[in-house]
Structure formats: structure tokens, C-alpha cells
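Structure below is query_4.cif: mmCIF, C-alpha atoms.
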data_coords
#
loop_
_atom_site.label_atom_id
_atom_site.label_comp_id
_atom_site.auth_asym_id
_atom_site.auth_seq_id
_atom_site.Cartn_x
_atom_site.Cartn_y
_atom_site.Cartn_z
CA MET W 1371 -30.30 12.78 21.27
CA SER W 1372 -27.55 11.38 19.07
CA ARG W 1373 -25.63 13.46 16.61
CA ARG W 1374 -25.66 12.61 12.96
CA THR W 1375 -22.24 12.15 11.46
CA MET W 1376 -21.39 12.84 7.86
CA GLN W 1377 -20.74 9.63 5.97
CA TRP W 1378 -19.16 9.10 2.55
CA PRO W 1379 -21.85 7.93 0.08
CA SER W 1380 -21.45 4.18 -0.46
CA TRP W 1381 -22.34 4.46 -4.14
CA LEU W 1382 -19.28 6.57 -4.91
CA PRO W 1383 -16.47 4.32 -6.20
CA VAL W 1384 -13.68 6.69 -5.10
CA ASP W 1385 -12.09 6.29 -1.68
CA PRO W 1386 -12.62 9.52 0.34
CA TYR W 1387 -8.96 9.55 1.34
CA ILE W 1388 -8.01 9.51 -2.34
CA MET W 1389 -10.21 12.58 -2.75
CA ALA W 1390 -8.31 14.22 0.10
CA LEU W 1391 -5.02 13.34 -1.60
CA LEU W 1392 -6.22 14.78 -4.90
CA GLY W 1393 -7.33 17.92 -3.08
CA THR W 1394 -3.87 18.20 -1.53
CA VAL W 1395 -2.28 17.86 -4.97
CA ALA W 1396 -4.58 20.60 -6.30
CA LEU W 1397 -3.64 22.84 -3.36
CA ALA W 1398 0.06 22.28 -4.09
CA ALA W 1399 -0.55 23.13 -7.75
CA LEU W 1400 -2.37 26.37 -6.91
CA LEU W 1401 -0.40 27.41 -3.81
CA PRO W 1402 2.96 25.61 -3.81
CA ALA W 1403 5.23 26.21 -0.84
CA SER W 1404 8.35 28.13 -1.86
CA GLY W 1405 11.16 30.00 -0.16
CA ARG W 1406 10.96 29.96 3.61
CA ALA W 1407 7.54 28.30 3.51
CA ALA W 1408 9.12 25.41 1.59
CA ASP W 1409 11.80 25.07 4.28
CA VAL W 1410 9.15 24.96 7.01
CA ALA W 1411 7.02 22.46 5.06
CA GLY W 1412 10.11 20.32 4.38
CA GLY W 1413 11.06 20.23 8.05
CA ALA W 1414 7.49 19.38 9.05
CA SER W 1415 7.37 16.66 6.39
CA THR W 1416 10.60 15.11 7.69
CA GLY W 1417 9.16 15.08 11.20
CA ALA W 1418 5.89 13.59 9.91
CA VAL W 1419 7.75 10.73 8.20
CA ALA W 1420 9.68 9.97 11.39
CA LEU W 1421 6.43 10.04 13.39
CA LEU W 1422 4.74 7.67 10.95
CA PHE W 1423 7.46 5.06 11.23
CA PHE W 1424 7.63 5.44 15.01
CA LEU W 1425 3.90 4.65 15.14
CA TYR W 1426 4.37 1.70 12.77
CA GLY W 1427 6.99 0.26 15.11
CA ALA W 1428 4.97 0.91 18.25
CA ARG W 1429 1.87 -0.80 16.83
CA LEU W 1430 3.50 -3.94 15.45
CA SER W 1431 3.23 -6.73 18.00
CA THR W 1432 6.50 -8.68 17.98
CA ARG W 1433 4.83 -11.66 19.67
CA GLU W 1434 2.06 -11.84 17.05
CA ALA W 1435 4.64 -11.61 14.29
CA LEU W 1436 6.67 -14.47 15.79
CA ASP W 1437 3.53 -16.58 16.28
CA GLY W 1438 2.66 -16.07 12.63
CA LEU W 1439 5.91 -17.70 11.54
CA ARG W 1440 4.23 -21.07 11.97
CA HIS W 1441 2.52 -20.43 8.61
CA TRP W 1442 5.83 -19.61 6.99
CA ARG W 1443 5.03 -21.01 3.53
CA LEU W 1444 2.14 -18.57 3.10
CA HIS W 1445 4.20 -15.59 4.29
CA ALA W 1446 7.13 -16.58 2.09
CA THR W 1447 4.75 -16.72 -0.89
CA VAL W 1448 3.40 -13.22 -0.17
CA LEU W 1449 6.92 -11.83 0.27
CA ALA W 1450 8.02 -13.44 -3.00
CA ALA W 1451 5.05 -11.89 -4.81
CA THR W 1452 5.71 -8.48 -3.26
CA PHE W 1453 9.49 -8.22 -3.53
CA LEU W 1454 10.33 -10.63 -6.37
CA VAL W 1455 7.49 -11.01 -8.89
CA PHE W 1456 6.38 -7.37 -8.70
CA PRO W 1457 9.93 -6.01 -9.30
CA LEU W 1458 10.46 -8.45 -12.18
CA LEU W 1459 7.29 -7.19 -13.86
CA GLY W 1460 8.43 -3.64 -13.20
CA LEU W 1461 11.75 -4.34 -14.90
CA ALA W 1462 9.91 -5.92 -17.84
CA ALA W 1463 7.98 -2.67 -18.27
CA ARG W 1464 11.24 -0.86 -19.08
CA GLY W 1465 10.56 -1.64 -22.73
CA LEU W 1466 7.66 0.85 -22.58
CA GLU W 1467 10.08 3.73 -22.00
CA PRO W 1468 10.04 6.29 -23.58
CA LEU W 1469 7.26 5.41 -26.06
CA VAL W 1470 4.52 4.95 -23.45
CA LEU W 1471 6.10 6.14 -20.20
CA THR W 1472 8.52 8.99 -19.61
CA PRO W 1473 11.71 8.09 -17.69
CA GLN W 1474 10.28 9.78 -14.57
CA LEU W 1475 6.97 7.91 -14.77
CA TYR W 1476 8.79 4.63 -15.35
CA SER W 1477 10.93 5.26 -12.26
CA GLY W 1478 7.72 5.83 -10.31
CA LEU W 1479 6.19 2.65 -11.72
CA LEU W 1480 9.27 0.63 -10.79
CA PHE W 1481 9.28 2.18 -7.31
CA LEU W 1482 5.63 1.15 -6.97
CA CYS W 1483 6.72 -2.44 -7.61
CA LEU W 1484 9.21 -2.23 -4.71
CA VAL W 1485 6.80 -0.95 -2.04
CA PRO W 1486 5.54 -3.37 0.67
CA SER W 1487 2.00 -4.69 0.81
CA THR W 1488 -0.78 -2.92 2.64
CA ILE W 1489 -2.21 -4.27 5.88
CA GLN W 1490 -5.66 -2.77 6.53
CA SER W 1491 -7.24 -3.30 3.11
CA SER W 1492 -5.68 -6.77 2.76
CA ILE W 1493 -7.35 -7.79 6.01
CA ALA W 1494 -10.67 -6.17 5.07
CA PHE W 1495 -10.88 -7.77 1.62
CA THR W 1496 -9.74 -11.16 2.93
CA SER W 1497 -12.50 -11.01 5.55
CA ILE W 1498 -15.16 -10.06 2.98
CA ALA W 1499 -14.02 -12.90 0.70
CA ARG W 1500 -14.13 -15.42 3.60
CA GLY W 1501 -10.41 -16.04 3.54
CA ASN W 1502 -7.77 -16.68 6.21
CA VAL W 1503 -7.86 -13.37 8.10
CA PRO W 1504 -5.13 -14.18 10.71
CA ALA W 1505 -2.80 -15.11 7.85
CA ALA W 1506 -3.58 -11.82 6.09
CA ILE W 1507 -2.78 -9.90 9.28
CA CYS W 1508 0.60 -11.59 9.70
CA ALA W 1509 1.44 -11.47 5.99
CA GLY W 1510 0.75 -7.72 5.80
CA SER W 1511 2.77 -7.10 8.97
CA PHE W 1512 5.74 -9.12 7.71
CA SER W 1513 5.63 -7.32 4.36
CA SER W 1514 5.60 -3.89 6.01
CA LEU W 1515 8.47 -4.86 8.30
CA ALA W 1516 10.54 -6.31 5.45
CA GLY W 1517 9.80 -3.28 3.28
CA ILE W 1518 11.57 -0.92 5.65
CA LEU W 1519 14.82 -2.65 4.68
CA LEU W 1520 14.07 -4.20 1.28
CA THR W 1521 12.40 -1.25 -0.46
CA PRO W 1522 15.37 1.15 -0.06
CA LEU W 1523 17.86 -1.60 -0.90
CA LEU W 1524 15.95 -2.66 -4.02
CA ALA W 1525 15.58 0.99 -5.01
CA ALA W 1526 19.34 1.45 -4.73
CA LEU W 1527 19.91 -1.68 -6.82
CA LEU W 1528 17.27 -1.21 -9.52
CA LEU W 1529 16.71 2.54 -9.71
CA GLY W 1530 20.28 3.67 -9.15
CA GLY W 1531 20.61 7.34 -9.99
CA GLY W 1532 16.85 7.57 -10.53
CA ALA W 1533 16.28 7.37 -6.80
CA GLY W 1534 17.65 10.78 -6.12
CA GLY W 1535 21.21 9.70 -6.83
CA PHE W 1536 21.33 6.98 -4.20
CA SER W 1537 24.44 7.46 -2.09
CA ALA W 1538 25.82 7.06 1.41
CA ASP W 1539 24.01 10.29 2.33
CA SER W 1540 20.73 8.84 1.03
CA LEU W 1541 21.28 5.68 3.04
CA LEU W 1542 21.97 7.73 6.16
CA ARG W 1543 18.71 9.68 5.64
CA ILE W 1544 16.79 6.43 5.28
CA VAL W 1545 18.29 5.05 8.49
CA LEU W 1546 17.57 8.25 10.44
CA GLN W 1547 14.09 8.95 9.07
CA LEU W 1548 12.72 5.41 8.70
CA LEU W 1549 14.66 2.72 10.54
CA VAL W 1550 15.61 4.57 13.74
CA PRO W 1551 12.03 5.79 14.47
CA PHE W 1552 10.66 2.32 13.71
CA LEU W 1553 13.12 0.64 16.09
CA ALA W 1554 12.39 3.29 18.74
CA GLY W 1555 8.68 2.48 18.42
CA GLN W 1556 9.42 -1.23 18.85
CA LEU W 1557 11.56 -0.57 21.94
CA LEU W 1558 8.95 1.73 23.52
CA ARG W 1559 5.96 -0.40 22.55
CA ARG W 1560 5.84 -1.95 26.02
CA TRP W 1561 5.05 1.46 27.53
CA VAL W 1562 3.15 3.25 24.75
CA GLY W 1563 1.37 0.32 23.06
CA GLY W 1564 -1.65 0.48 25.35
CA LEU W 1565 -2.00 4.24 24.92
CA LEU W 1566 -1.85 3.92 21.13
CA ALA W 1567 -4.46 1.14 21.18
CA ARG W 1568 -6.87 3.28 23.24
CA HIS W 1569 -6.52 6.20 20.83
CA ARG W 1570 -6.44 4.18 17.60
CA LYS W 1571 -9.08 6.34 15.87
CA ALA W 1572 -7.37 9.64 16.68
CA LEU W 1573 -3.99 8.27 15.62
CA GLY W 1574 -5.54 7.19 12.33
CA HIS W 1575 -6.20 10.87 11.64
CA VAL W 1576 -2.59 11.64 12.59
CA ASP W 1577 -1.37 9.01 10.12
CA ARG W 1578 -3.46 10.34 7.28
CA GLY W 1579 -2.75 13.97 8.09
CA SER W 1580 0.98 13.27 8.11
CA ILE W 1581 0.77 11.62 4.69
CA LEU W 1582 -1.20 14.59 3.32
CA LEU W 1583 1.58 16.88 4.54
CA VAL W 1584 4.18 14.68 2.83
CA VAL W 1585 2.17 14.77 -0.41
CA TYR W 1586 1.77 18.56 -0.26
CA THR W 1587 5.51 19.07 0.28
CA ALA W 1588 6.48 16.66 -2.52
CA PHE W 1589 4.09 18.13 -5.06
CA SER W 1590 5.03 21.68 -4.09
CA GLU W 1591 8.66 20.87 -4.83
CA GLY W 1592 7.58 19.39 -8.14
CA MET W 1593 5.60 22.50 -9.08
CA VAL W 1594 8.49 24.81 -8.20
CA ALA W 1595 10.91 22.62 -10.17
CA GLY W 1596 8.51 22.48 -13.14
CA VAL W 1597 8.43 18.68 -13.37
CA TRP W 1598 4.70 18.60 -14.17
CA HIS W 1599 5.33 20.03 -17.62
CA GLN W 1600 6.69 16.59 -18.50
CA VAL W 1601 3.29 14.86 -18.01
CA THR W 1602 0.53 14.95 -20.64
CA PRO W 1603 -2.99 13.43 -20.56
CA LEU W 1604 -1.82 10.87 -23.12
CA ARG W 1605 1.05 9.80 -20.84
CA LEU W 1606 -1.34 9.51 -17.89
CA GLY W 1607 -3.66 7.34 -19.96
CA GLY W 1608 -0.75 5.10 -20.91
CA LEU W 1609 0.27 4.85 -17.26
CA LEU W 1610 -3.24 3.77 -16.25
CA LEU W 1611 -3.28 1.04 -18.90
CA VAL W 1612 0.12 -0.25 -17.79
CA GLU W 1613 -0.98 -0.30 -14.15
CA ALA W 1614 -4.22 -2.12 -15.04
CA ALA W 1615 -2.17 -4.79 -16.82
CA LEU W 1616 0.21 -5.00 -13.84
CA MET W 1617 -2.66 -5.48 -11.40
CA ALA W 1618 -4.34 -8.12 -13.57
CA ALA W 1619 -1.05 -10.02 -13.85
CA MET W 1620 -0.46 -10.00 -10.08
CA LEU W 1621 -4.04 -11.01 -9.25
CA GLY W 1622 -3.65 -13.96 -11.61
CA VAL W 1623 -0.17 -14.94 -10.42
CA THR W 1624 -1.11 -14.87 -6.72
CA TRP W 1625 -4.39 -16.80 -7.21
CA TYR W 1626 -3.28 -19.53 -9.61
CA GLY W 1627 0.29 -19.66 -8.30
CA ALA W 1628 -1.00 -20.31 -4.78
CA LYS W 1629 -3.17 -23.10 -6.17
CA ARG W 1630 -0.17 -24.73 -7.83
CA LEU W 1631 1.69 -24.52 -4.53
CA GLY W 1632 -1.05 -26.54 -2.85
CA PHE W 1633 -2.72 -23.87 -0.69
CA GLY W 1634 -6.38 -24.19 0.27
CA ARG W 1635 -9.00 -21.68 -0.78
CA ALA W 1636 -8.89 -19.59 2.42
CA ASP W 1637 -5.10 -19.28 2.19
CA ARG W 1638 -5.25 -18.50 -1.54
CA ILE W 1639 -7.59 -15.59 -0.80
CA ALA W 1640 -5.18 -14.20 1.80
CA ILE W 1641 -2.25 -14.61 -0.60
CA GLN W 1642 -4.10 -12.93 -3.45
CA PHE W 1643 -5.15 -9.85 -1.49
CA ALA W 1644 -1.91 -9.47 0.49
CA GLY W 1645 0.39 -10.26 -2.43
CA SER W 1646 -1.22 -8.11 -5.13
CA LYS W 1647 -1.49 -4.76 -3.37
CA LYS W 1648 0.87 -1.94 -2.45
CA SER W 1649 0.89 0.34 0.58
CA LEU W 1650 0.34 4.04 -0.05
CA ALA W 1651 1.02 4.81 3.62
CA ALA W 1652 4.48 3.20 3.51
CA GLY W 1653 5.38 4.18 -0.06
CA LEU W 1654 4.75 7.92 0.10
CA PRO W 1655 7.14 8.67 2.98
CA MET W 1656 9.81 6.42 1.46
CA ALA W 1657 9.52 8.20 -1.90
CA THR W 1658 10.18 11.60 -0.34
CA VAL W 1659 13.41 10.28 1.17
CA LEU W 1660 14.53 8.42 -1.96
CA PHE W 1661 13.56 10.84 -4.74
CA GLY W 1662 13.83 14.30 -3.22
CA ALA W 1663 12.54 16.97 -5.63
CA GLN W 1664 11.40 14.28 -8.10
CA ALA W 1665 9.11 12.66 -5.52
CA SER W 1666 5.92 14.20 -6.95
CA LEU W 1667 6.19 12.23 -10.20
CA ALA W 1668 7.54 9.18 -8.39
CA VAL W 1669 4.45 8.85 -6.18
CA LEU W 1670 1.91 9.48 -8.94
CA PRO W 1671 1.90 5.83 -10.16
CA LEU W 1672 1.53 4.64 -6.56
CA MET W 1673 -1.43 6.95 -5.89
CA LEU W 1674 -3.21 5.81 -9.06
CA PHE W 1675 -2.47 2.13 -8.37
CA HIS W 1676 -3.76 2.48 -4.81
CA GLN W 1677 -7.15 3.75 -5.96
CA MET W 1678 -7.32 1.14 -8.71
CA GLN W 1679 -6.55 -1.72 -6.32
CA LEU W 1680 -9.27 -0.61 -3.90
CA MET W 1681 -11.91 -0.53 -6.62
CA VAL W 1682 -10.89 -3.81 -8.28
CA CYS W 1683 -10.34 -5.76 -5.04
CA ALA W 1684 -13.67 -4.58 -3.60
CA VAL W 1685 -15.45 -6.18 -6.57
CA LEU W 1686 -13.22 -9.26 -6.46
CA ALA W 1687 -13.75 -9.81 -2.72
CA LYS W 1688 -17.54 -9.81 -3.18
CA GLN W 1689 -17.17 -12.26 -6.06
CA ARG W 1690 -15.08 -14.61 -3.90
CA ALA W 1691 -17.71 -14.38 -1.14
CA ARG W 1692 -20.48 -15.29 -3.64
CA GLU W 1693 -18.43 -18.25 -4.88
CA ALA W 1694 -18.04 -19.51 -1.30
CA ALA W 1695 -21.79 -19.11 -0.68
CA GLU W 1696 -22.67 -20.93 -3.90
CA ALA W 1697 -20.28 -23.77 -3.04
CA ALA W 1698 -22.02 -24.24 0.31
CA GLU W 1699 -25.57 -23.89 -1.05
CA PRO W 1700 -26.10 -27.26 -2.79
CA VAL W 1701 -25.85 -29.18 0.50
CA GLY W 1702 -28.77 -27.36 2.07
CA ALA W 1703 -30.65 -27.09 -1.20
CA ALA W 1704 -30.38 -30.85 -1.78
CA ARG W 1705 -31.94 -31.54 1.61
CA GLU W 1706 -34.89 -29.30 0.79
CA ARG W 1707 -35.52 -31.13 -2.48
CA VAL W 1708 -35.59 -34.68 -1.02
CA PRO W 1709 -38.94 -36.19 -2.10
CA VAL W 1710 -41.30 -37.20 0.67
CA ALA W 1711 -42.77 -40.72 0.35
#
Step by step, read the file and then write its structure as C-alpha cells.
Amino acid sequence: MSRRTMQWPSWLPVDPYIMALLGTVALAALLPASGRAADVAGGASTGAVALLFFLYGARLSTREALDGLRHWRLHATVLAATFLVFPLLGLAARGLEPLVLTPQLYSGLLFLCLVPSTIQSSIAFTSIARGNVPAAICAGSFSSLAGILLTPLLAALLLGGGAGGFSADSLLRIVLQLLVPFLAGQLLRRWVGGLLARHRKALGHVDRGSILLVVYTAFSEGMVAGVWHQVTPLRLGGLLLVEAALMAAMLGVTWYGAKRLGFGRADRIAIQFAGSKKSLAAGLPMATVLFGAQASLAVLPLMLFHQMQLMVCAVLAKQRAREAAEAAEPVGAARERVPVA
């Protein structure tokens, strides 16, 4: 007799993990960690970030990444969209401060533009849309790997004092909390890679639980510091409109730009989905290191953008799949309509 498992209703447009994140934010608002509890939560959060990046390093196959270099033009295009076009659009949005966005929300929006691309959803949407799935896998992996170095460096260059007063101490924290665990995972992958692959599902819960802990700690610090008094419903509405425009611009740039560069349809699909999205899993831990007590406001644009990209790209992927089916249909349909003498 098989057990029935609880499943998230397919008709709900909200990702269940986003609901868990929102619940964590609500918990931090009602019961923020303070005093000794804040110290314990902060230490646990630091350990969770290190664990996350160790797992990232241990899972990334160096051989697969090197094999993917053969399609270097596609990967270079995705990297340019992620770490060049996105930041340029983020800088262009500076004109919206302070009329539409507060300085803190703008810093979060610009940080969002510096975060690497996501891997899992890029692969899933590329597959649904009948695109080049192996290219999406490699492009997402390259983006995540490059983001470990490029995101902090771009934050230091573009955000300056907004990123928690970027300094030698900040750089040391990034190296110790992000780069060292990642490199340790890469070095130990030979021995732990198989174990991680066998327990992929359980480790997925570890990943998500670690991020929830990071979110709770960041938003608790924000509640204690009183930063949420700076956000109004009108400001949140303005942020959503700006992010919708940002997403529309990147979806258009990656699709039509890839066409101008001579890529085929399957590659264009991979470029669009890998080059227009941002990783919540990579961005949240980085924000806690870069922004400190201001991390709660800094990650808000990223959380909203993440949910928006899932909803929009789910619709877009189905549309691309229908277009591919319609393009293939006339051949078979024409055969059926051949008159019989």
C-alpha cells in the first residue's frame, strides 16, 4: 500500500519555496532574533553559507565544465548578459532614486543585477521550450562559478560603501565564507561526489533549509535595526514595476541579440533562459556577507525578481514549445491533405 504524499497544487502560481521564504520573513518580523539568540543565529548562518558553497563546489563537475567550453560563443553570450548587460541596466536605473526607489532598495536592485544566473530553472525551462539543454547546463554552471569571483568584485566597484562599506575585511570574509569552502568542495569532489549524488534529494532540503536560516538571520537584523520603516507599499509597487521592466528588457535582449549573433533556435532558447534569470540560492548568502545588517532590504529585490522570473518564464517556455510544435506541424498536415486520385 503506497503512501500519499502532499503535493503543491499545480494551479497556484506561487512557488512553494517562495511561500516558505515569505513565512520565514514573517517569522523574523514577529519573533526577530536579538541578543544572544542573534549571536547564535548569526554563527549558524555563517556556517550555513560556508556549507552551501562547499556543496556547490563538490557538485560541479570540472570535466563537464571543461567539455562545455567547446560551445564557448554561447557561454560568452550568457556571461555577457549576466555580468555586463544586467549591471548596465542596473546602473541606468540610478535615475529612479530617490523618486521611485529608496537608496537601500536601489542598492538591492543593483546587487540583483550582479548575481549569477540560476542553474536548475534555466535547465527546466530550456527543456520545456525544446532548447539546447546541455548548453543550458554548462552555461548555468559557468555563470555560478564566475559569480563567486565577479559578483563580489562588481559589488565593490559599483556599490562601494553601499555594500556594507566594502573593505579588506569584507574581502577576507568573502574569501573565507565563499571561495575557500567552494575550493574545498572542488578538491574533495573525488571522494564525496558519489555520496552527494546518491543523497541529492536530502541535500536539496539542506540547501533550502540553509537559505531559510540565512533569510531569517538577515531579516531579524533588519527588524532590530528598524530598516523596514523605510519601505512603504508605494515603494514596493514601484520596485515591482522596475523589476518587470528589467525582466522584459533582458528577455528581449537575450532572444533578439542571440538571433543577431547567428545562433540557432535551440541555442537562442538556452541563452534566453540562462541569460535573463538570477540565482536566489547564490545571491542570498552573498548578500549577507556583503551588506551585513542592511542585507534584509538588499535581498528583497532579488526575492521578488526570483518569483517573477519563475512565473514569466514558465509561461514563456510553454509558448516556445507551442511555436516549435506549430513549426513542425505543417509537414505532417500537408501529407494528410494530399488529394487521392
Evaluate the PyMOL selection byres ((chain W and resi 1566-1583) around 9) on the structure here and hand back the selected residues as a ChimeraX atom specification.
/W:1387,1390-1391,1394-1395,1411,1414-1415,1417-1419,1421-1422,1425,1428-1429,1562-1565,1584-1588,1650-1651,1654-1655
Pull out every residue that the PyMOL selection byres ((chain W and resi 1443-1455) around 7) matches in the shown coordinates and put them as a list in words.
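Evaluating the PyMOL selection byres ((chain W and resi 1443-1455) around 7) on this file yields His1441, Trp1442, Phe1456, Pro1457, Leu1458, Leu1459, Leu1484, Pro1486, Ser1487, Ala1509, Ser1513, Ile1641, Ala1644 and Gly1645 of chain W.
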Shortest interatomic distance to Gly1501 (chain W) - which of W:Ala1636, W:Leu1520, W:Ala1526, W:Ala1396, counting all atoms listed in the file:
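Nearest candidate to Gly1501 (chain W) out of W:Ala1636, W:Leu1520, W:Ala1526, W:Ala1396: W:Ala1636.
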Nearby residues (all atoms listed in the file) at most 6 Å from Phe1423 (chain W), same-chain spacing under 3 positions excluded, as a ChimeraX atom specification
/W:1420,1426,1548,1551-1552
Here's a test: counting only C-alpha atoms, identify every protein, DNA and RNA residue with an atom at most 12 Å from (1.6, 2.7, -9.3) in the file's coordinate frame, and state them as number ranges by chain.
W: 1456, 1460, 1475-1485, 1606, 1609-1617, 1646-1650, 1653-1654, 1667-1679
For the point (-5.0, -9.0, 9.2) in the file's frame, write as a compact mmCIF listing (two decimals) with C-alpha atoms, keeping the file's coordinate frame all residues with an atom no more than 9 Å away, counting all atoms listed in the file.
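As a result, out_27.txt now contains:
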# COMPACT_ATOMS: atom_id res chain seq x y z
CA ILE W 1489 -2.21 -4.27 5.88
CA GLN W 1490 -5.66 -2.77 6.53
CA SER W 1491 -7.24 -3.30 3.11
CA SER W 1492 -5.68 -6.77 2.76
CA ILE W 1493 -7.35 -7.79 6.01
CA ALA W 1494 -10.67 -6.17 5.07
CA THR W 1496 -9.74 -11.16 2.93
CA SER W 1497 -12.50 -11.01 5.55
CA ASN W 1502 -7.77 -16.68 6.21
CA VAL W 1503 -7.86 -13.37 8.10
CA PRO W 1504 -5.13 -14.18 10.71
CA ALA W 1505 -2.80 -15.11 7.85
CA ALA W 1506 -3.58 -11.82 6.09
CA ILE W 1507 -2.78 -9.90 9.28
CA CYS W 1508 0.60 -11.59 9.70
CA ALA W 1509 1.44 -11.47 5.99
CA GLY W 1510 0.75 -7.72 5.80
CA SER W 1511 2.77 -7.10 8.97
In terms of all atoms listed in the file, the residue from W:Ala1697, W:Ala1554, W:Leu1549, W:Ala1628 at minimal distance from Ala1640 (chain W) is W:Ala1628
At what distance in Å, to one decimal, does CA of Leu1621 (chain W) lie from CA of Met1681 (chain W)?
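Interatomic distance here is 13.4 Å.
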